[in-house]
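All remarks here apply to the structure that follows.
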Amino acid sequence: MSRVGVVGIGHTKFGNLSQYDLGDVMAYAATDALKDAGFLERRKEIDQVIVGNMASGLFCHQSAVASSVISKMDMEPVPAELVENGPASGASAIKIGYMAVASGMADIVLVIGGEVMRKVTGWTGTEYVATMLHPEAEYDMGLTLPGFGGMFTRMYMEKYGLTERDLALLAVKNHANGAKNKYAHIQAECTIEAIADGPEANVVNTYVAEPLRMYSTCPVSDGAAALLLVNMDSPKAKLFSKKPVRIAGIASATDTHCVHNRKDPLKLEAVRIAAEKAYAMAGLSPKDISFAELHDAFSILELAISEEVGFFERGKSFLAVRKGETAIDGRLPINTSGGLKSKGHPVGATGTSQAVELVRQLRGEAELGRQVTDPKYGMAVNFGGFGNNVVAMIFAKD
Amino acid sequence: MIDFSMYDFKEPKIKAYKCEKCGTVYYPAPMICKECHSRRDPVTDKHWETFDLEGPCELLAWTRLWNLPEGYNRKFLLFGIVQFENGLRASGRLEVEKPATGMRLVATVEESDERPGKPVHVFVFKQD
Ligand SMILES: [Zn+2]
């Protein structure tokens, strides 16, 4: 199998881009990735474009978005297809791009993940996102993704002794990183006094799905992120200005559609299996990882995922957070970008955005104050459904 | 005047499924039995028994959800996951004063027309 590397990255600022066309938002990130790779003028030599998007049909009343992006970028007749895997569409698009290169069918692949969610109200957006749940057994009941986030959080708290203050500590940590990330939706720090300890905390940080509060839940964001992949063993690898960051491992796994049908609903089996496969592919283990981007759509997921991928023992991750081990200057920085909490979560863009962060950190291009010191391996987990379709990625600086 | 609501009124029910060949029970409906690989015909349910899922159950997890999607004209709803005596589990609404994990409940089924489209049957878990 050929080695696959990333030679270009692009990322829009996340936020409210509802006045813009989804194809324009994606094309902007994509052209940035081509410029970064020094390949904008030669873009028609790209063998394949793969677009990751969850629900343009619902959010933007638009279908066939891959064709739209190609045309906007003046890239016809380059082949282009759409990959959809809920909120893990972005990382799935990278995985399919990897497969295209590794198979020998393509040498240069452009992967673009994007979503514009704020053309509709927050209530309608929550409703659209809920359509990924089981139609009769979950969606019809009135359940939403925050609902499952809340139930999962309570189960975890009752079993392991996690507190609401521990969740607030995660928000403080991730906002400290996001405040320094030029791409983040909410570039502001928050203090533990404001959201947990102070007299106004319950007003500032209201409940969303008890015991999850607003600062334990990601915002609704728009944006796009893109990567240019190349076959590192092909002569074409020499066409690019930047040294490739190698995709050392990429894998995904699935779990039951209904959360209630998991033997132990606190176990995220798809996360564990995807991570194990990615480690095996990379020939690495959890102790090799220098930093990680973990899908904290709800803060509890950062903790649960960090345990499933083997960074911490089950039920112990929040003790490490209390000690600052996952802060930017800690032993294992997690969500150096600000995570979904501060950077934002345009569902189809999140996986590609996580991958862009891995590349920025491994190149040493992150902003002052949030650059990890000499990282070697970065890991990302992009979480689809409520954990029923998960992608894990490990990138390496060779 | 015709009152359409009078016709074809059926008490709301939610079905669980049992594979006739090996006896494994399911909720919601599977397409294939995980034990004996019998396929369920979604039109006739041939070779599958159905039964109403209701009655005593235990609360495994719960939340009070404040940001309800469009259509729900209430401040909040309680939701929970329960386990029935036959081992099946279900997600649904919760109507109790003080929810607590492990409490004994009774599963009832009600019709909900809050979301757009045709009314649907929802679980409402209540105190005995
Ligand atoms: Zn069977």
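Residues in the structure tokens are numbered from 1 in each chain, the chains being A, B, ... in the order shown, and ligands are numbered from 1 in the order shown.
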
For ligand 1, list the contacting residues at 10 Å or closer, counting only C-alpha atoms and all ligand atoms, as a short mmCIF file (atom, residue, chain, number, x, y, z; two decimals) with N, CA and C atoms, in the first residue's frame.
```cif
data_model
loop_
_atom_site.label_atom_id
_atom_site.label_comp_id
_atom_site.auth_asym_id
_atom_site.auth_seq_id
_atom_site.Cartn_x
_atom_site.Cartn_y
_atom_site.Cartn_z
N LYS B 18 -40.54 -10.98 18.27
CA LYS B 18 -39.93 -12.22 18.73
C LYS B 18 -39.71 -13.13 17.53
N CYS B 19 -38.49 -13.61 17.37
CA CYS B 19 -38.16 -14.54 16.29
C CYS B 19 -38.79 -15.89 16.62
N GLU B 20 -39.68 -16.39 15.74
CA GLU B 20 -40.37 -17.67 16.01
C GLU B 20 -39.40 -18.84 16.05
N LYS B 21 -38.35 -18.74 15.26
CA LYS B 21 -37.43 -19.87 15.13
C LYS B 21 -36.60 -20.08 16.40
N CYS B 22 -36.09 -18.99 16.98
CA CYS B 22 -35.19 -19.17 18.12
C CYS B 22 -35.64 -18.45 19.39
N GLY B 23 -36.70 -17.63 19.29
CA GLY B 23 -37.27 -17.02 20.50
C GLY B 23 -36.62 -15.73 20.96
N THR B 24 -35.63 -15.23 20.22
CA THR B 24 -34.97 -13.98 20.64
C THR B 24 -35.93 -12.79 20.46
N VAL B 25 -35.95 -11.88 21.46
CA VAL B 25 -36.86 -10.74 21.40
C VAL B 25 -36.10 -9.46 21.05
N ILE B 32 -33.09 -8.81 10.61
CA ILE B 32 -32.52 -10.16 10.61
C ILE B 32 -32.20 -10.53 12.06
N CYS B 33 -32.45 -11.80 12.42
CA CYS B 33 -32.21 -12.24 13.79
C CYS B 33 -30.72 -12.43 14.01
N LYS B 34 -30.20 -11.81 15.10
CA LYS B 34 -28.75 -11.89 15.33
C LYS B 34 -28.33 -13.29 15.77
N GLU B 35 -29.29 -14.09 16.25
CA GLU B 35 -28.95 -15.44 16.73
C GLU B 35 -29.05 -16.48 15.62
N CYS B 36 -30.20 -16.51 14.88
CA CYS B 36 -30.40 -17.59 13.90
C CYS B 36 -30.46 -17.07 12.47
N HIS B 37 -30.31 -15.75 12.28
CA HIS B 37 -30.25 -15.13 10.95
C HIS B 37 -31.56 -15.23 10.16
N SER B 38 -32.68 -15.53 10.83
CA SER B 38 -33.99 -15.48 10.15
C SER B 38 -34.28 -14.06 9.73
N ARG B 39 -34.80 -13.91 8.50
CA ARG B 39 -35.11 -12.57 8.06
C ARG B 39 -36.57 -12.24 8.35
N ARG B 40 -36.84 -10.99 8.73
CA ARG B 40 -38.21 -10.56 8.96
C ARG B 40 -38.73 -9.90 7.69
N HIS B 47 -43.20 -15.39 10.24
CA HIS B 47 -42.21 -16.07 11.09
C HIS B 47 -41.73 -15.21 12.26
N TRP B 48 -42.40 -14.10 12.49
CA TRP B 48 -42.06 -13.28 13.65
C TRP B 48 -43.33 -13.01 14.44
#
```

Residue list for chain B near chain A as a PyMOL selection string, 7 Å, only C-alpha atoms: chain B and resi 28+61-70+81+89-93+120+122-123

Would you write out those residues with N, CA, C and O atoms, as an mmCIF file, in the first residue's frame?
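Wrote result.cif, looks like this:
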```cif
data_model
loop_
_atom_site.group_PDB
_atom_site.id
_atom_site.type_symbol
_atom_site.label_atom_id
_atom_site.label_comp_id
_atom_site.auth_asym_id
_atom_site.auth_seq_id
_atom_site.Cartn_x
_atom_site.Cartn_y
_atom_site.Cartn_z
ATOM 1 N N PRO B 28 -36.135 -1.845 18.773
ATOM 2 C CA PRO B 28 -37.179 -1.907 17.732
ATOM 3 C C PRO B 28 -36.966 -3.088 16.784
ATOM 4 O O PRO B 28 -36.026 -3.862 16.972
ATOM 5 N N ALA B 61 -31.312 5.564 32.833
ATOM 6 C CA ALA B 61 -30.665 6.868 32.602
ATOM 7 C C ALA B 61 -31.756 7.885 32.331
ATOM 8 O O ALA B 61 -32.825 7.521 31.836
ATOM 9 N N TRP B 62 -31.505 9.157 32.678
ATOM 10 C CA TRP B 62 -32.533 10.172 32.391
ATOM 11 C C TRP B 62 -31.899 11.538 32.237
ATOM 12 O O TRP B 62 -30.774 11.785 32.675
ATOM 13 N N THR B 63 -32.671 12.438 31.594
ATOM 14 C CA THR B 63 -32.248 13.830 31.452
ATOM 15 C C THR B 63 -33.476 14.723 31.397
ATOM 16 O O THR B 63 -34.567 14.269 31.047
ATOM 17 N N ARG B 64 -33.273 15.988 31.775
ATOM 18 C CA ARG B 64 -34.305 17.009 31.553
ATOM 19 C C ARG B 64 -33.798 17.854 30.397
ATOM 20 O O ARG B 64 -32.765 18.514 30.523
ATOM 21 N N LEU B 65 -34.513 17.796 29.278
ATOM 22 C CA LEU B 65 -34.044 18.442 28.052
ATOM 23 C C LEU B 65 -34.742 19.789 27.898
ATOM 24 O O LEU B 65 -35.967 19.849 27.822
ATOM 25 N N TRP B 66 -33.920 20.864 27.852
ATOM 26 C CA TRP B 66 -34.483 22.217 27.823
ATOM 27 C C TRP B 66 -34.622 22.790 26.432
ATOM 28 O O TRP B 66 -35.500 23.581 26.174
ATOM 29 N N ASN B 67 -33.696 22.443 25.544
ATOM 30 C CA ASN B 67 -33.747 23.054 24.204
ATOM 31 C C ASN B 67 -34.483 22.132 23.257
ATOM 32 O O ASN B 67 -33.884 21.431 22.463
ATOM 33 N N LEU B 68 -35.793 22.114 23.342
ATOM 34 C CA LEU B 68 -36.579 21.174 22.542
ATOM 35 C C LEU B 68 -36.614 21.612 21.087
ATOM 36 O O LEU B 68 -36.579 22.807 20.796
ATOM 37 N N PRO B 69 -36.664 20.634 20.170
ATOM 38 C CA PRO B 69 -36.721 21.008 18.767
ATOM 39 C C PRO B 69 -38.046 21.692 18.421
ATOM 40 O O PRO B 69 -38.977 21.698 19.225
ATOM 41 N N GLU B 70 -38.095 22.230 17.189
ATOM 42 C CA GLU B 70 -39.288 22.929 16.728
ATOM 43 C C GLU B 70 -40.519 22.028 16.860
ATOM 44 O O GLU B 70 -40.461 20.838 16.584
ATOM 45 N N ILE B 81 -34.084 6.162 29.565
ATOM 46 C CA ILE B 81 -33.912 4.822 28.989
ATOM 47 C C ILE B 81 -34.313 3.838 30.083
ATOM 48 O O ILE B 81 -33.889 3.983 31.228
ATOM 49 N N ARG B 89 -34.876 -3.086 26.193
ATOM 50 C CA ARG B 89 -34.745 -1.703 26.641
ATOM 51 C C ARG B 89 -35.413 -0.769 25.652
ATOM 52 O O ARG B 89 -35.559 -1.106 24.479
ATOM 53 N N ALA B 90 -35.782 0.407 26.130
ATOM 54 C CA ALA B 90 -36.407 1.397 25.256
ATOM 55 C C ALA B 90 -36.065 2.797 25.735
ATOM 56 O O ALA B 90 -35.801 3.015 26.919
ATOM 57 N N SER B 91 -36.085 3.748 24.782
ATOM 58 C CA SER B 91 -35.912 5.167 25.097
ATOM 59 C C SER B 91 -37.273 5.834 24.972
ATOM 60 O O SER B 91 -38.067 5.456 24.108
ATOM 61 N N GLY B 92 -37.554 6.824 25.799
ATOM 62 C CA GLY B 92 -38.834 7.515 25.698
ATOM 63 C C GLY B 92 -38.940 8.642 26.687
ATOM 64 O O GLY B 92 -37.952 9.040 27.310
ATOM 65 N N ARG B 93 -40.170 9.156 26.807
ATOM 66 C CA ARG B 93 -40.408 10.285 27.718
ATOM 67 C C ARG B 93 -40.635 9.782 29.135
ATOM 68 O O ARG B 93 -41.006 8.626 29.347
ATOM 69 N N VAL B 120 -47.367 10.153 15.959
ATOM 70 C CA VAL B 120 -46.551 8.969 16.235
ATOM 71 C C VAL B 120 -46.838 8.471 17.645
ATOM 72 O O VAL B 120 -47.385 9.199 18.473
ATOM 73 N N VAL B 122 -45.498 7.267 21.218
ATOM 74 C CA VAL B 122 -44.298 7.470 22.038
ATOM 75 C C VAL B 122 -44.468 6.775 23.388
ATOM 76 O O VAL B 122 -45.576 6.685 23.926
ATOM 77 N N PHE B 123 -43.350 6.299 23.910
ATOM 78 C CA PHE B 123 -43.358 5.765 25.273
ATOM 79 C C PHE B 123 -43.423 6.907 26.273
ATOM 80 O O PHE B 123 -42.727 7.920 26.124
#
```

May I have all residues of chain B that DSSP, computed from the backbone, assigns to strand (DSSP E), given as a PyMOL selection string? chain B and resi 15-19+25-26+48-52+55-65+77-84+89-95+104-112+120-126

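Reported to one decimal place, the separation of CA of Ser252 (chain A) from CA of Ala280 (chain A) is 12.5 Å.
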
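Across the model, the gap from CA of Lys376 (chain A) to CA of Asp398 (chain A) is 7.7 Å.
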
Restricting the calculation to only C-alpha atoms, which member of B:Phe125, B:Met1, B:Phe51, B:Asp41 is positioned closest to Arg104 (chain B)?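 Nearest candidate to Arg104 (chain B) out of B:Phe125, B:Met1, B:Phe51, B:Asp41: B:Phe125.
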
Return as a ChimeraX atom specification the full set of residues in region 230-396 of chain A whose backbone-based DSSP assignment is helix (DSSP H, G or I). /A:235-239,259-261,269-282,286-288,299-308,317-322,339-343,347-363
